[in-house]
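Raw run-v9.txt, compact mmCIF, C-alpha atoms:
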# COMPACT_ATOMS: atom_id res chain seq x y z
CA MET A 1 0.00 0.00 0.00
CA SER A 2 1.44 3.27 -1.00
CA VAL A 3 0.12 6.76 -0.90
CA GLY A 4 3.07 8.85 -1.99
CA SER A 5 3.25 10.05 -5.55
CA HIS A 6 6.34 12.28 -5.45
CA ARG A 7 8.77 9.33 -5.82
CA PRO A 8 9.37 7.63 -9.18
CA HIS A 9 8.82 4.24 -7.46
CA PRO A 10 6.41 4.67 -4.60
CA ALA A 11 7.54 3.05 -1.34
CA THR A 12 5.63 -0.01 -0.27
CA LEU A 13 4.97 -1.42 3.17
CA GLU A 14 7.05 -4.52 3.74
CA GLY A 15 4.91 -7.49 4.79
CA THR A 16 7.63 -9.09 6.90
CA LEU A 17 7.98 -5.91 8.94
CA HIS A 18 4.26 -5.55 9.69
CA ASN A 19 4.77 -7.56 12.86
CA PRO A 20 5.64 -5.10 15.68
CA THR A 21 8.34 -7.34 17.18
CA ARG A 22 10.04 -7.88 13.82
CA LEU A 23 9.89 -4.15 13.12
CA ALA A 24 11.34 -3.36 16.55
CA VAL A 25 14.16 -5.86 15.96
CA ALA A 26 14.92 -4.44 12.52
CA ALA A 27 14.78 -0.84 13.78
CA PHE A 28 17.10 -1.60 16.70
CA LEU A 29 19.59 -3.43 14.51
CA SER A 30 19.51 -0.72 11.84
CA ALA A 31 21.29 1.66 14.23
CA CYS A 32 24.13 -0.67 15.22
CA ALA A 33 26.56 -2.99 13.52
CA GLU A 34 25.65 -6.04 15.61
CA ALA A 35 23.70 -6.74 18.77
CA GLU A 36 23.49 -9.65 21.11
CA PHE A 37 20.27 -11.68 21.08
CA GLY A 38 19.58 -10.96 24.77
CA VAL A 39 20.01 -7.21 24.37
CA VAL A 40 17.56 -7.07 21.45
CA ARG A 41 15.11 -9.33 23.35
CA ASP A 42 15.27 -7.02 26.39
CA HIS A 43 14.71 -3.98 24.20
CA CYS A 44 11.64 -5.57 22.57
CA GLN A 45 10.43 -6.80 25.99
CA VAL A 46 9.50 -10.23 24.66
CA SER A 47 10.26 -13.80 25.68
CA ASP A 48 13.07 -15.87 24.22
CA SER A 49 10.67 -17.86 22.05
CA VAL A 50 8.91 -14.80 20.60
CA MET A 51 12.27 -13.19 19.90
CA SER A 52 13.52 -16.41 18.34
CA LYS A 53 10.47 -16.59 16.05
CA ALA A 54 10.91 -12.97 14.99
CA ALA A 55 14.61 -13.52 14.27
CA SER A 56 13.84 -16.68 12.34
CA ALA A 57 11.22 -14.90 10.18
CA LEU A 58 13.62 -12.05 9.43
CA ASP A 59 16.37 -14.55 8.69
CA THR A 60 14.11 -16.43 6.27
CA ALA A 61 13.34 -13.16 4.49
CA GLY A 62 17.07 -12.53 4.18
CA TYR A 63 16.96 -9.45 6.40
CA LEU A 64 18.94 -10.79 9.32
CA GLY A 65 22.43 -12.12 9.77
CA ILE A 66 22.93 -14.52 12.67
CA ARG A 67 26.37 -15.22 14.10
CA LYS A 68 27.05 -17.66 16.90
CA GLY A 69 30.04 -17.14 19.14
CA TYR A 70 31.36 -17.30 22.67
CA VAL A 71 32.14 -14.69 25.30
CA GLY A 72 34.39 -16.63 27.63
CA LYS A 73 32.66 -19.99 27.90
CA ARG A 74 29.17 -18.64 27.42
CA PRO A 75 27.57 -19.15 24.01
CA ARG A 76 26.25 -15.95 22.46
CA THR A 77 24.16 -15.19 19.39
CA TRP A 78 24.80 -11.97 17.53
CA LEU A 79 22.23 -10.44 15.22
CA SER A 80 22.80 -7.92 12.46
CA LEU A 81 20.69 -6.39 9.73
CA THR A 82 21.74 -7.35 6.20
CA PRO A 83 21.85 -4.76 3.38
CA ALA A 84 18.53 -6.23 2.14
CA GLY A 85 17.14 -5.68 5.65
CA HIS A 86 18.32 -2.07 5.69
CA GLU A 87 16.71 -1.54 2.29
CA ALA A 88 13.43 -3.17 3.38
CA LEU A 89 13.28 -1.10 6.56
CA ALA A 90 14.00 2.10 4.63
CA GLN A 91 11.17 1.24 2.20
CA HIS A 92 8.82 0.46 5.08
CA VAL A 93 9.65 3.70 6.87
CA ALA A 94 9.28 5.67 3.63
CA ALA A 95 5.85 4.11 3.06
CA LEU A 96 4.78 5.04 6.59
CA GLN A 97 6.05 8.59 6.05
CA ASP A 98 4.02 8.72 2.84
CA ILE A 99 0.88 7.74 4.75
CA VAL A 100 1.48 10.47 7.33
CA ALA A 101 2.33 13.04 4.65
CA ALA A 102 -0.78 12.16 2.63
CA ALA A 103 -3.00 12.53 5.70
CA GLN A 104 -1.42 15.89 6.52
CA HIS A 105 -1.86 16.99 2.91
CA ALA A 106 -5.51 15.93 2.96
CA ALA A 107 -6.09 17.79 6.22
CA THR A 108 -4.44 20.95 4.85
CA SER A 109 -6.52 20.84 1.66
CA ALA A 110 -9.72 20.29 3.67
CA ASP A 111 -8.89 23.36 5.79
CA ALA A 112 -8.13 25.48 2.73
CA ARG A 113 -11.35 24.49 0.91
CA PRO A 114 -13.98 27.28 1.13
CA THR A 115 -16.98 26.17 3.14
CA THR A 116 -20.50 26.97 1.98
CA PRO A 117 -22.89 27.96 4.74
CA PRO A 118 -25.74 25.53 5.14
CA GLY A 119 -29.04 26.97 3.98
CA PRO A 120 -32.13 26.26 1.97
CA SER A 121 -31.45 25.21 -1.59
CA PRO A 122 -32.68 27.64 -4.20
CA GLN A 123 -36.00 26.61 -5.63
CA SER A 124 -36.90 27.26 -9.18
CA MET B 125 -19.74 12.17 -0.51
CA GLU B 126 -19.71 10.46 2.86
CA GLN B 127 -16.34 9.95 4.52
CA ASP B 128 -15.22 6.42 5.41
CA THR B 129 -15.18 6.34 9.19
CA THR B 130 -14.52 3.90 11.97
CA GLY B 131 -17.06 3.01 14.61
CA GLU B 132 -16.10 6.07 16.69
CA GLY B 133 -16.62 8.40 13.76
CA VAL B 134 -12.89 8.92 13.15
CA PRO B 135 -11.94 8.86 9.46
CA VAL B 136 -10.03 5.69 8.52
CA ALA B 137 -7.29 7.75 6.80
CA ALA B 138 -6.73 9.76 9.99
CA ARG B 139 -6.51 6.59 12.07
CA SER B 140 -4.03 5.08 9.59
CA ALA B 141 -1.94 8.24 9.71
CA ASP B 142 -1.96 8.21 13.51
CA ALA B 143 -0.91 4.55 13.55
CA ALA B 144 1.81 5.22 10.98
CA ALA B 145 3.11 8.19 12.96
CA SER B 146 3.15 6.08 16.12
CA VAL B 147 5.12 3.30 14.36
CA LEU B 148 7.59 5.88 13.01
CA ARG B 149 8.12 7.22 16.54
CA ASP B 150 8.73 3.66 17.76
CA VAL B 151 11.29 3.07 14.98
CA GLN B 152 13.14 6.27 15.87
CA GLY B 153 13.02 5.36 19.55
CA ALA B 154 14.48 1.90 18.87
CA GLN B 155 17.28 3.42 16.79
CA THR B 156 18.13 5.95 19.49
CA GLN B 157 18.15 3.22 22.15
CA ALA B 158 20.49 1.10 20.01
CA ARG B 159 22.88 4.02 19.47
CA LEU B 160 22.94 4.87 23.17
CA ARG B 161 23.39 1.25 24.26
CA ALA B 162 26.26 0.87 21.81
CA ARG B 163 28.00 3.82 23.49
CA LEU B 164 27.85 2.23 26.95
CA VAL B 165 31.20 0.99 28.23
CA PRO B 166 31.35 -2.27 30.26
CA ALA B 167 31.53 -1.65 34.03
CA TRP B 168 34.95 -3.33 34.36
CA TYR B 169 36.52 -1.19 31.62
CA GLY B 170 36.99 2.00 33.68
CA PRO B 171 38.71 0.38 36.69
CA ALA B 172 40.79 -1.90 34.46
CA THR B 173 41.99 1.02 32.32
CA GLY B 174 42.70 3.10 35.41
CA ILE B 175 44.77 0.38 37.08
CA PHE B 176 46.61 -0.42 33.84
CA LEU B 177 47.52 3.22 33.22
CA ALA B 178 48.63 3.74 36.83
CA VAL B 179 50.87 0.66 36.70
CA TYR B 180 52.22 1.67 33.31
CA VAL B 181 53.14 5.18 34.50
CA VAL B 182 55.07 3.77 37.48
CA VAL B 183 56.83 1.06 35.42
CA ALA B 184 57.77 3.52 32.67
CA GLN B 185 59.22 5.94 35.22
CA ARG B 186 61.25 3.17 36.89
CA LEU B 187 62.62 2.00 33.53
CA LEU B 188 63.52 5.54 32.57
CA GLU B 189 65.22 6.05 35.89
CA ALA B 190 67.23 2.83 35.53
CA ASP B 191 68.27 3.97 32.03
CA LYS B 192 66.68 0.90 30.45
CA GLY B 193 65.44 2.54 27.28
CA PHE B 194 65.76 -0.67 25.28
CA VAL B 195 63.49 -2.56 27.71
CA GLN B 196 61.00 0.27 27.42
CA LEU B 197 61.16 0.18 23.64
CA TRP B 198 61.18 -3.58 23.07
CA LEU B 199 59.14 -4.84 26.00
CA ALA B 200 57.07 -2.20 27.77
CA TYR B 201 55.61 -0.55 24.66
CA PRO B 202 54.65 -3.80 22.86
CA VAL B 203 53.18 -5.33 26.03
CA ALA B 204 51.21 -2.15 26.71
CA GLY B 205 50.00 -2.12 23.11
CA LEU B 206 48.87 -5.75 23.37
CA VAL B 207 47.05 -5.06 26.63
CA VAL B 208 45.26 -2.07 25.05
CA VAL B 209 44.20 -4.19 22.05
CA ALA B 210 43.03 -7.00 24.37
CA PHE B 211 41.04 -4.53 26.50
CA ARG B 212 39.36 -3.01 23.47
CA ARG B 213 38.48 -6.42 22.02
CA ALA B 214 37.11 -7.67 25.32
CA ALA B 215 35.10 -4.47 25.78
CA ARG B 216 33.64 -4.75 22.29
CA ARG B 217 32.68 -8.39 22.84
CA SER B 218 31.09 -7.84 26.23
CA ARG B 219 29.26 -4.67 25.24
CA GLY B 220 26.21 -6.41 23.73
CA VAL B 221 25.76 -3.85 20.98
CA THR B 222 28.46 -2.94 18.45
CA GLN B 223 28.55 0.60 17.15
CA LEU B 224 28.26 1.55 13.51
CA LYS B 225 31.22 3.67 12.41
CA ASP B 226 29.12 6.67 11.43
CA ALA B 227 28.73 10.28 12.56
CA ASP B 228 27.24 9.09 15.84
CA PHE B 229 30.34 6.96 16.49
CA ARG B 230 32.54 10.03 16.03
CA ALA B 231 30.26 12.03 18.33
CA GLY B 232 30.60 9.32 20.98
CA ARG B 233 34.38 9.37 20.67
CA ARG B 234 34.39 13.16 21.04
CA GLN B 235 32.19 12.87 24.13
CA ARG B 236 34.53 10.26 25.65
CA ARG B 237 37.54 12.49 25.03
CA LEU B 238 35.76 15.41 26.61
CA MET B 239 34.42 13.54 29.63
CA ILE B 240 37.33 11.19 30.32
CA LEU B 241 40.59 12.11 28.65
CA ALA B 242 40.52 15.88 29.22
CA PRO B 243 39.84 15.67 33.00
CA THR B 244 42.47 12.90 33.32
CA VAL B 245 45.16 15.00 31.65
CA LEU B 246 44.09 18.00 33.73
CA ALA B 247 44.17 16.02 36.99
CA ALA B 248 47.56 14.49 36.13
CA GLY B 249 49.05 17.91 35.37
CA LEU B 250 47.57 19.41 38.51
CA VAL B 251 48.79 16.62 40.81
CA TRP B 252 52.25 16.60 39.21
CA GLY B 253 52.50 20.38 39.55
CA ILE B 254 51.34 20.43 43.18
CA PHE B 255 53.70 17.63 44.26
CA ARG B 256 56.67 19.20 42.47
CA ALA B 257 55.83 22.60 43.96
CA LEU B 258 55.77 21.01 47.40
CA GLY B 259 59.26 19.66 46.71
CA ALA B 260 58.35 15.98 46.44
CA GLY B 261 60.84 13.62 44.86
CA ASP B 262 60.40 11.85 41.53
CA HIS B 263 59.11 8.63 43.10
CA VAL B 264 56.46 10.32 45.19
CA ALA B 265 55.37 12.67 42.41
CA VAL B 266 55.11 9.86 39.85
CA SER B 267 53.23 7.62 42.30
CA ALA B 268 50.77 10.44 42.99
CA LEU B 269 50.47 11.07 39.26
CA ALA B 270 49.76 7.36 38.65
CA VAL B 271 47.04 7.33 41.31
CA ALA B 272 45.53 10.53 39.88
CA VAL B 273 45.53 9.12 36.33
CA GLY B 274 44.02 5.80 37.42
CA LEU B 275 41.29 7.38 39.55
CA SER B 276 40.47 10.00 36.90
CA MET B 277 40.01 7.29 34.28
CA TRP B 278 37.84 5.25 36.62
CA VAL B 279 35.66 8.21 37.62
CA GLY B 280 35.58 9.49 34.02
CA PHE B 281 34.21 6.21 32.65
CA ALA B 282 31.70 5.99 35.51
CA ARG B 283 30.47 9.54 34.76
CA TYR B 284 30.31 8.78 31.05
CA ASN B 285 28.21 5.64 31.61
CA LEU B 286 25.98 7.48 34.05
CA ALA B 287 25.30 10.22 31.49
CA ILE B 288 24.37 7.63 28.86
CA ARG B 289 22.18 5.66 31.27
CA ARG B 290 20.36 8.91 32.12
CA GLN B 291 19.74 9.55 28.43
CA LEU B 292 18.48 5.97 28.03
CA ARG B 293 16.06 6.43 30.93
CA GLU B 294 14.81 9.73 29.52
CA GLN B 295 14.37 8.19 26.10
CA ALA B 296 12.52 5.08 27.37
Represent the structure from my file as structure tokens, please.
Amino acid sequence: MSVGSHRPHPATLEGTLHNPTRLAVAAFLSACAEAEFGVVRDHCQVSDSVMSKAASALDTAGYLGIRKGYVGKRPRTWLSLTPAGHEALAQHVAALQDIVAAAQHAATSADARPTTPPGPSPQS
Amino acid sequence: MEQDTTGEGVPVAARSADAAASVLRDVQGAQTQARLRARLVPAWYGPATGIFLAVYVVVAQRLLEADKGFVQLWLAYPVAGLVVVAFRRAARRSRGVTQLKDADFRAGRRQRRLMILAPTVLAAGLVWGIFRALGAGDHVAVSALAVAVGLSMWVGFARYNLAIRRQLREQA
């Protein structure tokens, strides 16, 4: 769904990012190079399983890079947004901005439109 | 023409725009949180850096005093370099969020310099000056300088983390 008409290719909402948890994960990861699974989970305030499902869905879509490693002896999972993920998030955000801009534009035009006072219609 | 409205009489377009604006705010909030979290320094980093620098200052002074320039050049510098690299690697791994090397990264580095390095240099100069003015010997002055450097680093990193945690709380 796209509302904007000022771009040659209107931005479209990305289906994978409709889910609030997936969007929160993508948004968080878009501002850092890599983040640990637990940190992203805490930010999204979800359980391990919900976070795992979100990461898996983003991974399937090719938006997420998953790296397993160790800090000392503790296993750690690191998540990062792939270039395709960055692109998808940018498209999604642009589409949302289009929706907001279109609504603002519609509101401005409605305000500017001259209003006719209600009254009896002329009879012939 | 009748406007398409929801049950409460709010136009659907307006509700969509409100929802979109709310999602955009959430996205921006998540990005800000990630940037701030990436700037946080692990709790052990400040004390470890402070102790390392204090020890290094004392060792370097002793080597200089004993006229062991070659030990300084071939042992002390490389070991110190390795320790610095190890500290930075360990800090990056235990941080939880890795920073992007963008404008925000440079801003964070500037903030660290301002909040940690500048007061440390100032404190070191001040302590050195005071002890020399009081007629203290090299050993005492350097020991005081080492303590001042170590404590300044420790306090500097603590202040830096506190400032970021405050911003995180305000942003949440």
Using all atoms listed in the file, which of the listed residues (B:Val264, B:Ile240, B:Ile254, B:Ala272) sits closest to Arg186 of chain B?
-> B:Val264
Show me, as a PDB file with C-alpha atoms, in the frame of the given file, the residues that have an atom within 7 Å of segment 175-182 of chain B when counting all atoms listed in the file, minus same-chain residues fewer than 4 positions from it.
ATOM      1  CA  PRO B 171      38.710   0.380  36.690  1.00  0.00           C
ATOM      2  CA  ARG B 186      61.250   3.170  36.890  1.00  0.00           C
ATOM      3  CA  VAL B 266      55.110   9.860  39.850  1.00  0.00           C
ATOM      4  CA  SER B 267      53.230   7.620  42.300  1.00  0.00           C
ATOM      5  CA  ALA B 270      49.760   7.360  38.650  1.00  0.00           C
ATOM      6  CA  VAL B 271      47.040   7.330  41.310  1.00  0.00           C
ATOM      7  CA  VAL B 273      45.530   9.120  36.330  1.00  0.00           C
ATOM      8  CA  GLY B 274      44.020   5.800  37.420  1.00  0.00           C
TER       9      GLY B 274
END
Restrict the calculation to all atoms listed in the file, then for each residue of chain A with any atom at most 8 Å from an atom of chain B give the closest atom pair and their distance in Å to one decimal, rows by chain and rising residue number, as JSON lines.
{"residue": "A:Leu23", "atom": "CA", "partner": "B:Val151", "partner_atom": "CA", "distance": 7.6}
{"residue": "A:Ala24", "atom": "CA", "partner": "B:Ala154", "partner_atom": "CA", "distance": 6.6}
{"residue": "A:Ala27", "atom": "CA", "partner": "B:Val151", "partner_atom": "CA", "distance": 5.4}
{"residue": "A:Phe28", "atom": "CA", "partner": "B:Ala154", "partner_atom": "CA", "distance": 4.9}
{"residue": "A:Leu29", "atom": "CA", "partner": "B:Ala158", "partner_atom": "CA", "distance": 7.2}
{"residue": "A:Ser30", "atom": "CA", "partner": "B:Gln155", "partner_atom": "CA", "distance": 6.8}
{"residue": "A:Ala31", "atom": "CA", "partner": "B:Gln155", "partner_atom": "CA", "distance": 5.1}
{"residue": "A:Cys32", "atom": "CA", "partner": "B:Gln223", "partner_atom": "CA", "distance": 5.0}
{"residue": "A:Ala33", "atom": "CA", "partner": "B:Leu224", "partner_atom": "CA", "distance": 4.8}
{"residue": "A:Glu34", "atom": "CA", "partner": "B:Thr222", "partner_atom": "CA", "distance": 5.1}
{"residue": "A:Ala35", "atom": "CA", "partner": "B:Val221", "partner_atom": "CA", "distance": 4.2}
{"residue": "A:Glu36", "atom": "CA", "partner": "B:Gly220", "partner_atom": "CA", "distance": 5.0}
{"residue": "A:Val39", "atom": "CA", "partner": "B:Gly220", "partner_atom": "CA", "distance": 6.3}
{"residue": "A:His43", "atom": "CA", "partner": "B:Ala154", "partner_atom": "CA", "distance": 7.9}
{"residue": "A:Val71", "atom": "CA", "partner": "B:Arg217", "partner_atom": "CA", "distance": 6.8}
{"residue": "A:Val93", "atom": "CA", "partner": "B:Leu148", "partner_atom": "CA", "distance": 6.8}
{"residue": "A:Leu96", "atom": "CA", "partner": "B:Ala144", "partner_atom": "CA", "distance": 5.3}
{"residue": "A:Gln97", "atom": "CA", "partner": "B:Ala144", "partner_atom": "CA", "distance": 7.3}
{"residue": "A:Ile99", "atom": "CA", "partner": "B:Ala141", "partner_atom": "CA", "distance": 5.7}
{"residue": "A:Val100", "atom": "CA", "partner": "B:Ala141", "partner_atom": "CA", "distance": 4.7}
{"residue": "A:Ala103", "atom": "CA", "partner": "B:Ala141", "partner_atom": "CA", "distance": 6.0}
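The space separating atom CA of Ala102 of chain A from atom CA of Leu89 of chain A comes to 19.7 Å.
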What's around Asp59 of chain A at 10 Å? Count only C-alpha atoms, leave out sequence neighbours fewer than 4 positions away in its own chain, and write the answer as an mmCIF file with C-alpha atoms, in the coordinates of the input.
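Listing of out-v6.cif after writing:
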data_model
loop_
_atom_site.group_PDB
_atom_site.id
_atom_site.type_symbol
_atom_site.label_atom_id
_atom_site.label_comp_id
_atom_site.auth_asym_id
_atom_site.auth_seq_id
_atom_site.Cartn_x
_atom_site.Cartn_y
_atom_site.Cartn_z
ATOM 1 C CA LYS A 53 10.470 -16.590 16.050
ATOM 2 C CA ALA A 54 10.910 -12.970 14.990
ATOM 3 C CA ALA A 55 14.610 -13.520 14.270
ATOM 4 C CA TYR A 63 16.960 -9.450 6.400
ATOM 5 C CA LEU A 64 18.940 -10.790 9.320
ATOM 6 C CA GLY A 65 22.430 -12.120 9.770
ATOM 7 C CA ILE A 66 22.930 -14.520 12.670
ATOM 8 C CA LEU A 79 22.230 -10.440 15.220
ATOM 9 C CA SER A 80 22.800 -7.920 12.460
ATOM 10 C CA LEU A 81 20.690 -6.390 9.730
ATOM 11 C CA THR A 82 21.740 -7.350 6.200
ATOM 12 C CA GLY A 85 17.140 -5.680 5.650
#
Skip segment 284-292 of chain B itself and residues of its chain fewer than 3 positions away, then list as a list in words all residues within 6 Å of it, counting all atoms listed in the file.
-> Leu164, Phe281 and Gln295 of chain B
Got a sec to check which residues sit within 9 Å of (57.3, 0.2, 30.2), counting all atoms listed in the file, and write them as a PyMOL selection string?
-> chain B and resi 180-188+193+195-204
Tell me, as a CSV table (one decimal) with C-alpha atoms, in the coordinates of the input, which residues lie within 10 Å of Ala88 of chain A, counting all atoms listed in the file; anything in the same chain fewer than 5 positions away does not count.
chain,number,residue,atom,x,y,z
A,11,ALA,CA,7.5,3.0,-1.3
A,12,THR,CA,5.6,0.0,-0.3
A,13,LEU,CA,5.0,-1.4,3.2
A,14,GLU,CA,7.0,-4.5,3.7
A,15,GLY,CA,4.9,-7.5,4.8
A,16,THR,CA,7.6,-9.1,6.9
A,17,LEU,CA,8.0,-5.9,8.9
A,26,ALA,CA,14.9,-4.4,12.5
A,63,TYR,CA,17.0,-9.4,6.4
A,82,THR,CA,21.7,-7.4,6.2
A,83,PRO,CA,21.8,-4.8,3.4
A,93,VAL,CA,9.6,3.7,6.9
A,94,ALA,CA,9.3,5.7,3.6
At what distance in Å, to one decimal, does atom CA of Trp78 of chain A lie from atom CA of Ser47 of chain A?
-> 16.8 Å
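Interatomic distance, atom CA of Val251 of chain B against atom CA of Ala265 of chain B: 7.8 Å.
With distances restricted to all atoms listed in the file, B:Gly280 is the closest residue to Ala247 of chain B from B:Gly232, B:Gly280, B:Gly170, B:Gly261.
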